[in-house]
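Each remark here refers to the structure printed beneath this line.
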Amino acid sequence: MFHLIAGPCVIESEEMVLAIAGEMKKITDELGIPYTFKASFDKANRTSIESFRGPGIEEGLRILQKVKDTYGLPVCTDIHEAWQAEKAAEVADILQIPAFLCRQTDLLVAAAKTGKCINIKKAQFLAPWDMKNCVDKVRASGNDNVMLCERGTTFGYNTLVVDMTGIVEMKKLGCPVVFDATHSVQKPGGKGNATGGNREMVEPLAKAALAAGADHLFMEVHPDPDHAKSDGPNMVKLADMKELLKKLQKVYLAVQE
C-alpha cells in the first residue's frame, strides 16, 4: 500500500494539530494505510511578509513531539536552513526539503548527515532528470534514505502543470517517488498577496499519479480549509479524507502487478 504523508500546511495551534493527527490516525488505521503526520513549524517562503508563518522551531517541535507521544505516529516537517536539520531530526522521522531549496547544497548535506529519511521536493523550475544532482548530494553525504516528490512544474504565470511522465523519470534514479497532490493544484501568487489553488483537482491528479507509478502520496488537510492560515485553497477538507483515500486505494491496487 502507498504511504501517506499528510497534515496541515502549518502548525496553527497544538489543539488543531492533535485533532487532525488523531482523526487521520483513525482513518488510516481503518484503511490499512501507513501514515506519517506532517506539519511545518515555519513557512519561510510565504508570498507576503504579512502572512502567518507558524510557531517557530522550538514550539513547533514540541507540538510535533506531542503528536508522536500521543498517537505513536512518525512525523515529517520541512527545514529551510542548514542549522535546523540536526535540531529538527531530534523529533522528525522525515526531513522535507522545500521545492525552492532543493538545490541548496549545504541544506541537503546537513539533512543527509542526520541519517533521517529525506524527502526532496522537485523544484517547479527543474526537469525530473535534473533531480539526479540533488539525490547525488544526499548519497555522497552518506545517506541513501531519500525520496523525491513531484509537486508540479511552472507553466506560465501563476500556473503549475503536472507531467506524469516525470514520476516515471524520477523512479529511474532509484528513489521512491511521492506525489504531492495538494501543492500540485496551487496557483503560486495567484491571489496577489497569497497563493491560490483548486482543491477540486486533487482527486484526479492523485489518481493519475498512482496509476503512473507513484509510490506514496503527500496531502495537506485541514478541518476548515477556507479559513486556514496557509494554503487553504488547495488543502483537502479533513471530513473528505476517508472517502478520498478509499478511492485512491482502489486505483493503487488496480495498477499493482
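Here, A, B, ... name the chains of the C-alpha cells in the order displayed, residue numbers run from 1 inside each chain, and ligands are numbered from 1 in the same displayed order.
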* To do: Write down as a list in words the residues of range 173-246 of chain A whose backbone DSSP state falls under alpha helix (DSSP H).
  => Val202, Glu203, Pro204, Leu205, Ala206, Lys207, Ala208, Ala209, Leu210, Ala211, Ala212, Met241, Lys242, Glu243, Leu244, Leu245 and Lys246 of chain A
Per-residue nearest contacts of range 173-232 of chain A to range 245-252 of chain A (12 Å; only C-alpha atoms) as a tab-separated table:
```
residue	atom	partner	partner_atom	distance
A:Ala181	CA	A:Leu248	CA	11.5
A:Val202	CA	A:Leu248	CA	10.9
A:Glu203	CA	A:Leu248	CA	8.0
A:Pro204	CA	A:Leu248	CA	9.5
A:Leu205	CA	A:Leu248	CA	10.4
A:Ala206	CA	A:Leu248	CA	7.3
A:Lys207	CA	A:Leu248	CA	6.0
A:Ala208	CA	A:Val251	CA	8.6
A:Ala209	CA	A:Tyr252	CA	9.4
A:Leu210	CA	A:Tyr252	CA	5.7
A:Ala211	CA	A:Val251	CA	6.6
A:Ala212	CA	A:Tyr252	CA	9.7
A:Gly213	CA	A:Tyr252	CA	8.6
A:Ala214	CA	A:Tyr252	CA	8.9
A:Asp215	CA	A:Tyr252	CA	9.0
A:His216	CA	A:Tyr252	CA	9.8
A:Leu217	CA	A:Leu248	CA	9.7
A:Phe218	CA	A:Leu245	CA	11.7
A:Met219	CA	A:Leu245	CA	10.8
```
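Computed from the coordinates, the CA of Val109 in chain A to CA of Thr165 in chain A distance equals 28.1 Å.
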Extract, using only C-alpha atoms, all DNA, RNA and protein residues at most 9 Å from range 126-128 of chain A, discarding same-chain residues fewer than 2 positions from it, and format them as a PDB file with N, CA and C atoms, in the first residue's frame.
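As written to disk, around.pdb reads:
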```
ATOM      1  N   LYS A 122      10.750  18.260  -5.810  1.00  0.00           N
ATOM      2  CA  LYS A 122      11.293  18.740  -7.079  1.00  0.00           C
ATOM      3  C   LYS A 122      10.896  20.194  -7.283  1.00  0.00           C
ATOM      4  N   ALA A 123      11.894  21.013  -7.597  1.00  0.00           N
ATOM      5  CA  ALA A 123      11.598  22.430  -7.829  1.00  0.00           C
ATOM      6  C   ALA A 123      10.667  22.600  -9.019  1.00  0.00           C
ATOM      7  N   GLN A 124       9.853  23.647  -8.935  1.00  0.00           N
ATOM      8  CA  GLN A 124       8.912  23.944 -10.005  1.00  0.00           C
ATOM      9  C   GLN A 124       9.616  24.295 -11.304  1.00  0.00           C
ATOM     10  N   ASP A 130      16.760  16.310 -13.729  1.00  0.00           N
ATOM     11  CA  ASP A 130      17.689  17.200 -13.031  1.00  0.00           C
ATOM     12  C   ASP A 130      17.785  16.881 -11.542  1.00  0.00           C
ATOM     13  N   MET A 131      16.832  16.124 -11.018  1.00  0.00           N
ATOM     14  CA  MET A 131      16.860  15.780  -9.596  1.00  0.00           C
ATOM     15  C   MET A 131      17.972  14.795  -9.259  1.00  0.00           C
ATOM     16  N   LYS A 132      18.625  14.234 -10.268  1.00  0.00           N
ATOM     17  CA  LYS A 132      19.753  13.337 -10.016  1.00  0.00           C
ATOM     18  C   LYS A 132      20.827  14.038  -9.195  1.00  0.00           C
ATOM     19  N   GLU A 150       7.139  14.867  -6.479  1.00  0.00           N
ATOM     20  CA  GLU A 150       6.608  15.630  -7.608  1.00  0.00           C
ATOM     21  C   GLU A 150       5.541  16.592  -7.097  1.00  0.00           C
ATOM     22  N   THR A 153       5.084  21.662 -12.165  1.00  0.00           N
ATOM     23  CA  THR A 153       6.119  22.427 -12.849  1.00  0.00           C
ATOM     24  C   THR A 153       5.545  23.753 -13.321  1.00  0.00           C
ATOM     25  N   THR A 154       6.328  24.804 -13.196  1.00  0.00           N
ATOM     26  CA  THR A 154       5.879  26.127 -13.621  1.00  0.00           C
ATOM     27  C   THR A 154       5.511  26.126 -15.103  1.00  0.00           C
ATOM     28  N   THR A 165       4.773  11.817 -16.682  1.00  0.00           N
ATOM     29  CA  THR A 165       5.958  11.073 -17.093  1.00  0.00           C
ATOM     30  C   THR A 165       7.142  11.399 -16.190  1.00  0.00           C
ATOM     31  N   GLY A 166       7.076  12.527 -15.486  1.00  0.00           N
ATOM     32  CA  GLY A 166       8.133  12.888 -14.550  1.00  0.00           C
ATOM     33  C   GLY A 166       8.250  11.890 -13.407  1.00  0.00           C
ATOM     34  N   ILE A 167       7.130  11.285 -13.024  1.00  0.00           N
ATOM     35  CA  ILE A 167       7.153  10.269 -11.972  1.00  0.00           C
ATOM     36  C   ILE A 167       7.969   9.074 -12.439  1.00  0.00           C
ATOM     37  N   VAL A 168       7.737   8.667 -13.665  1.00  0.00           N
ATOM     38  CA  VAL A 168       8.481   7.546 -14.247  1.00  0.00           C
ATOM     39  C   VAL A 168       9.971   7.885 -14.328  1.00  0.00           C
ATOM     40  N   GLU A 169      10.284   9.103 -14.756  1.00  0.00           N
ATOM     41  CA  GLU A 169      11.681   9.514 -14.899  1.00  0.00           C
ATOM     42  C   GLU A 169      12.396   9.538 -13.549  1.00  0.00           C
ATOM     43  N   MET A 170      11.743  10.054 -12.524  1.00  0.00           N
ATOM     44  CA  MET A 170      12.407  10.143 -11.220  1.00  0.00           C
ATOM     45  C   MET A 170      12.579   8.772 -10.577  1.00  0.00           C
TER      46      MET A 170
END
```
Just the strand (DSSP E) stuff from range 63-153 of chain A, please, per backbone DSSP, written as a short mmCIF file (atom, residue, chain, number, x, y, z; two decimals) with all heavy atoms, in the first residue's frame.
```cif
data_model
loop_
_atom_site.label_atom_id
_atom_site.label_comp_id
_atom_site.auth_asym_id
_atom_site.auth_seq_id
_atom_site.Cartn_x
_atom_site.Cartn_y
_atom_site.Cartn_z
N VAL A 75 6.56 11.51 12.28
CA VAL A 75 6.23 12.86 11.84
C VAL A 75 7.23 13.36 10.80
O VAL A 75 8.38 12.94 10.75
CB VAL A 75 6.16 13.87 13.02
CG1 VAL A 75 5.10 13.44 14.03
CG2 VAL A 75 7.51 14.02 13.68
N CYS A 76 6.74 14.27 9.98
CA CYS A 76 7.53 14.89 8.93
C CYS A 76 7.41 16.41 9.06
O CYS A 76 6.32 16.92 9.34
CB CYS A 76 7.00 14.45 7.55
SG CYS A 76 7.67 15.35 6.13
N THR A 77 8.52 17.10 8.88
CA THR A 77 8.46 18.56 8.85
C THR A 77 9.53 19.05 7.89
O THR A 77 10.49 18.34 7.58
CB THR A 77 8.65 19.17 10.24
OG1 THR A 77 8.24 20.54 10.24
CG2 THR A 77 10.10 19.08 10.72
N ASP A 78 9.35 20.26 7.37
CA ASP A 78 10.34 20.79 6.44
C ASP A 78 11.31 21.73 7.15
O ASP A 78 11.01 22.32 8.17
CB ASP A 78 9.68 21.49 5.24
CG ASP A 78 8.47 22.31 5.59
OD1 ASP A 78 8.21 22.53 6.79
OD2 ASP A 78 7.76 22.75 4.67
N ILE A 94 11.01 12.16 9.11
CA ILE A 94 11.28 12.54 7.73
C ILE A 94 11.57 14.03 7.70
O ILE A 94 10.78 14.83 8.20
CB ILE A 94 10.09 12.23 6.80
CG1 ILE A 94 9.77 10.73 6.80
CG2 ILE A 94 10.38 12.71 5.38
CD1 ILE A 94 8.51 10.38 6.01
N LEU A 95 12.71 14.41 7.12
CA LEU A 95 13.02 15.81 6.91
C LEU A 95 12.69 16.15 5.45
O LEU A 95 13.17 15.48 4.54
CB LEU A 95 14.49 16.09 7.19
CG LEU A 95 14.96 15.93 8.63
CD1 LEU A 95 16.45 16.22 8.73
CD2 LEU A 95 14.18 16.85 9.57
N GLN A 96 11.89 17.17 5.28
CA GLN A 96 11.44 17.54 3.94
C GLN A 96 12.18 18.79 3.46
O GLN A 96 12.31 19.77 4.19
CB GLN A 96 9.94 17.81 3.97
CG GLN A 96 9.32 18.04 2.61
CD GLN A 96 7.82 17.85 2.67
OE1 GLN A 96 7.31 16.75 2.61
NE2 GLN A 96 7.10 18.95 2.82
N ILE A 97 12.67 18.73 2.23
CA ILE A 97 13.36 19.86 1.61
C ILE A 97 12.40 20.57 0.69
O ILE A 97 11.91 19.98 -0.28
CB ILE A 97 14.60 19.39 0.82
CG1 ILE A 97 15.51 18.52 1.69
CG2 ILE A 97 15.35 20.59 0.26
CD1 ILE A 97 16.07 19.20 2.91
N CYS A 117 15.29 9.92 6.97
CA CYS A 117 14.75 9.88 5.61
C CYS A 117 14.60 11.32 5.11
O CYS A 117 14.07 12.18 5.83
CB CYS A 117 13.40 9.18 5.61
SG CYS A 117 12.59 9.15 3.99
N ILE A 118 15.05 11.58 3.88
CA ILE A 118 14.98 12.92 3.31
C ILE A 118 14.00 12.91 2.14
O ILE A 118 14.18 12.14 1.18
CB ILE A 118 16.36 13.39 2.81
CG1 ILE A 118 17.44 13.15 3.89
CG2 ILE A 118 16.30 14.85 2.41
CD1 ILE A 118 17.20 13.85 5.20
N ASN A 119 12.99 13.74 2.21
CA ASN A 119 12.02 13.88 1.12
C ASN A 119 12.32 15.19 0.39
O ASN A 119 12.10 16.27 0.93
CB ASN A 119 10.59 13.90 1.66
CG ASN A 119 9.55 13.95 0.55
OD1 ASN A 119 9.79 13.44 -0.55
ND2 ASN A 119 8.40 14.54 0.83
N ILE A 120 12.87 15.07 -0.82
CA ILE A 120 13.25 16.26 -1.58
C ILE A 120 12.15 16.59 -2.59
O ILE A 120 11.87 15.79 -3.48
CB ILE A 120 14.57 16.05 -2.35
CG1 ILE A 120 15.66 15.46 -1.44
CG2 ILE A 120 15.04 17.37 -2.95
CD1 ILE A 120 16.93 15.11 -2.19
N LYS A 121 11.57 17.75 -2.44
CA LYS A 121 10.56 18.17 -3.40
C LYS A 121 11.23 18.72 -4.66
O LYS A 121 12.17 19.51 -4.58
CB LYS A 121 9.66 19.25 -2.79
CG LYS A 121 8.74 18.70 -1.71
CD LYS A 121 7.60 19.66 -1.44
CE LYS A 121 6.51 18.97 -0.63
NZ LYS A 121 5.33 19.84 -0.51
N VAL A 146 16.44 8.33 0.72
CA VAL A 146 15.96 9.56 0.11
C VAL A 146 14.75 9.29 -0.78
O VAL A 146 14.69 8.26 -1.47
CB VAL A 146 17.09 10.26 -0.69
CG1 VAL A 146 17.69 9.32 -1.72
CG2 VAL A 146 16.62 11.54 -1.33
N MET A 147 13.79 10.18 -0.74
CA MET A 147 12.61 10.13 -1.60
C MET A 147 12.56 11.41 -2.43
O MET A 147 13.06 12.45 -2.00
CB MET A 147 11.31 10.02 -0.79
CG MET A 147 11.26 8.84 0.17
SD MET A 147 9.64 8.63 0.96
CE MET A 147 9.55 10.12 1.96
N LEU A 148 11.93 11.32 -3.59
CA LEU A 148 11.71 12.50 -4.42
C LEU A 148 10.23 12.78 -4.51
O LEU A 148 9.41 11.87 -4.54
CB LEU A 148 12.30 12.29 -5.82
CG LEU A 148 13.81 12.13 -5.89
CD1 LEU A 148 14.25 11.85 -7.31
CD2 LEU A 148 14.50 13.37 -5.34
N CYS A 149 9.89 14.06 -4.56
CA CYS A 149 8.48 14.45 -4.51
C CYS A 149 8.12 15.33 -5.71
O CYS A 149 8.71 16.38 -5.92
CB CYS A 149 8.20 15.20 -3.21
SG CYS A 149 6.47 15.65 -2.97
N GLU A 150 7.14 14.87 -6.48
CA GLU A 150 6.61 15.63 -7.61
C GLU A 150 5.54 16.59 -7.10
O GLU A 150 4.62 16.18 -6.40
CB GLU A 150 6.01 14.69 -8.65
CG GLU A 150 5.24 15.38 -9.75
CD GLU A 150 6.11 16.33 -10.57
OE1 GLU A 150 7.11 15.87 -11.15
OE2 GLU A 150 5.77 17.53 -10.62
N THR A 153 5.08 21.66 -12.16
CA THR A 153 6.12 22.43 -12.85
C THR A 153 5.54 23.75 -13.32
O THR A 153 4.40 23.82 -13.80
CB THR A 153 6.65 21.64 -14.07
OG1 THR A 153 7.16 20.38 -13.61
CG2 THR A 153 7.74 22.40 -14.80
#
```
* Do you have the CA of Ala239 in chain A-CA of Asn198 in chain A distance handy? -> 17.3 Å
* Have a look at CA of Phe155 in chain A and CA of Val178 in chain A and let me know their distance in Å, one decimal. => 20.8 Å
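Closest approach to Tyr71 in chain A among A:Ala19, A:Val177, A:Val161, A:Val135 is made by A:Ala19 (distances from only C-alpha atoms).
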* For Ala21 in chain A, work out the shell of residues within 8 Å, counting only C-alpha atoms and skipping chain neighbours fewer than 2 positions away, then give it as a PyMOL selection string. => chain A and resi 7+17-19+23-25+37+67+71
* Shortest interatomic distance to Ala85 in chain A - which of A:Leu4, A:Ala112, A:Val162, A:Val255, counting only C-alpha atoms -> A:Ala112
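Shortest separation to Gly174 in chain A among A:Pro74, A:Asn145, A:Val91, A:Gln256 occurs at residue A:Asn145, atoms counted being only C-alpha atoms.
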* Determine, counting only C-alpha atoms, which protein, DNA and RNA residues have an atom within 9 Å of an atom of Thr105 in chain A; residues of the same chain fewer than 6 positions away are not included. Present the result as a PyMOL selection string. => chain A and resi 134+137-138
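Shell of Ala110 in chain A at 10 Å, with only C-alpha atoms counted and residues fewer than 5 places along the chain excluded, is Glu81, Ala82, Trp83, Gln84, Ala85, Glu86, Thr105, Gly115, Val138 and Ser141 of chain A.
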Residue subset to file, keeping all heavy atoms, as a compact mmCIF listing (two decimals), in the first residue's frame:
```txt
# COMPACT_ATOMS: atom_id res chain seq x y z
N GLU A 81 16.84 26.00 6.53
CA GLU A 81 18.24 26.39 6.73
C GLU A 81 19.01 25.22 7.31
O GLU A 81 18.46 24.41 8.06
CB GLU A 81 18.32 27.60 7.65
CG GLU A 81 17.61 28.84 7.12
CD GLU A 81 17.73 30.01 8.06
OE1 GLU A 81 18.87 30.48 8.26
OE2 GLU A 81 16.71 30.46 8.60
N ALA A 82 20.30 25.15 6.96
CA ALA A 82 21.12 24.01 7.36
C ALA A 82 21.15 23.80 8.87
O ALA A 82 21.14 22.66 9.35
CB ALA A 82 22.53 24.17 6.81
N TRP A 83 21.16 24.88 9.65
CA TRP A 83 21.27 24.74 11.10
C TRP A 83 20.04 24.07 11.71
O TRP A 83 20.11 23.53 12.82
CB TRP A 83 21.49 26.10 11.77
CG TRP A 83 20.32 27.04 11.70
CD1 TRP A 83 20.09 27.99 10.77
CD2 TRP A 83 19.22 27.11 12.63
NE1 TRP A 83 18.91 28.66 11.03
CE2 TRP A 83 18.36 28.14 12.16
CE3 TRP A 83 18.87 26.42 13.79
CZ2 TRP A 83 17.17 28.48 12.82
CZ3 TRP A 83 17.69 26.75 14.45
CH2 TRP A 83 16.87 27.78 13.97
N GLN A 84 18.92 24.09 10.98
CA GLN A 84 17.69 23.49 11.50
C GLN A 84 17.69 21.97 11.42
O GLN A 84 16.91 21.30 12.12
CB GLN A 84 16.48 24.03 10.74
CG GLN A 84 16.25 25.52 10.89
CD GLN A 84 15.12 26.02 10.01
OE1 GLN A 84 14.75 25.40 9.02
NE2 GLN A 84 14.58 27.18 10.37
N ALA A 85 18.54 21.39 10.58
CA ALA A 85 18.47 19.95 10.29
C ALA A 85 18.67 19.10 11.54
O ALA A 85 17.84 18.24 11.86
CB ALA A 85 19.50 19.59 9.23
N GLU A 86 19.76 19.33 12.24
CA GLU A 86 20.08 18.50 13.40
C GLU A 86 19.02 18.64 14.48
O GLU A 86 18.61 17.65 15.11
CB GLU A 86 21.45 18.87 13.95
CG GLU A 86 21.93 17.97 15.07
CD GLU A 86 23.35 18.26 15.50
OE1 GLU A 86 23.99 19.14 14.90
OE2 GLU A 86 23.82 17.61 16.46
N THR A 105 23.02 23.07 -1.58
CA THR A 105 23.94 22.01 -1.17
C THR A 105 24.09 21.91 0.34
O THR A 105 24.02 20.81 0.92
CB THR A 105 25.32 22.23 -1.82
OG1 THR A 105 25.16 22.25 -3.24
CG2 THR A 105 26.28 21.12 -1.44
N GLY A 115 20.97 11.30 9.09
CA GLY A 115 20.63 9.90 8.92
C GLY A 115 19.14 9.65 8.76
O GLY A 115 18.72 8.50 8.60
N VAL A 138 22.85 14.05 -1.48
CA VAL A 138 22.46 13.34 -0.26
C VAL A 138 23.24 12.03 -0.13
O VAL A 138 23.78 11.71 0.94
CB VAL A 138 20.94 13.07 -0.25
CG1 VAL A 138 20.55 12.21 0.95
CG2 VAL A 138 20.17 14.40 -0.21
N SER A 141 26.77 12.28 0.88
CA SER A 141 26.91 12.65 2.29
C SER A 141 26.64 11.48 3.22
O SER A 141 26.52 11.65 4.43
CB SER A 141 25.97 13.82 2.61
OG SER A 141 26.23 14.92 1.76
```
* Contacts of Glu90 in chain A at 10 Å or less, counting only C-alpha atoms, minus same-chain residues fewer than 5 places along, as a PyMOL selection string? -> chain A and resi 61+65+85+114+116
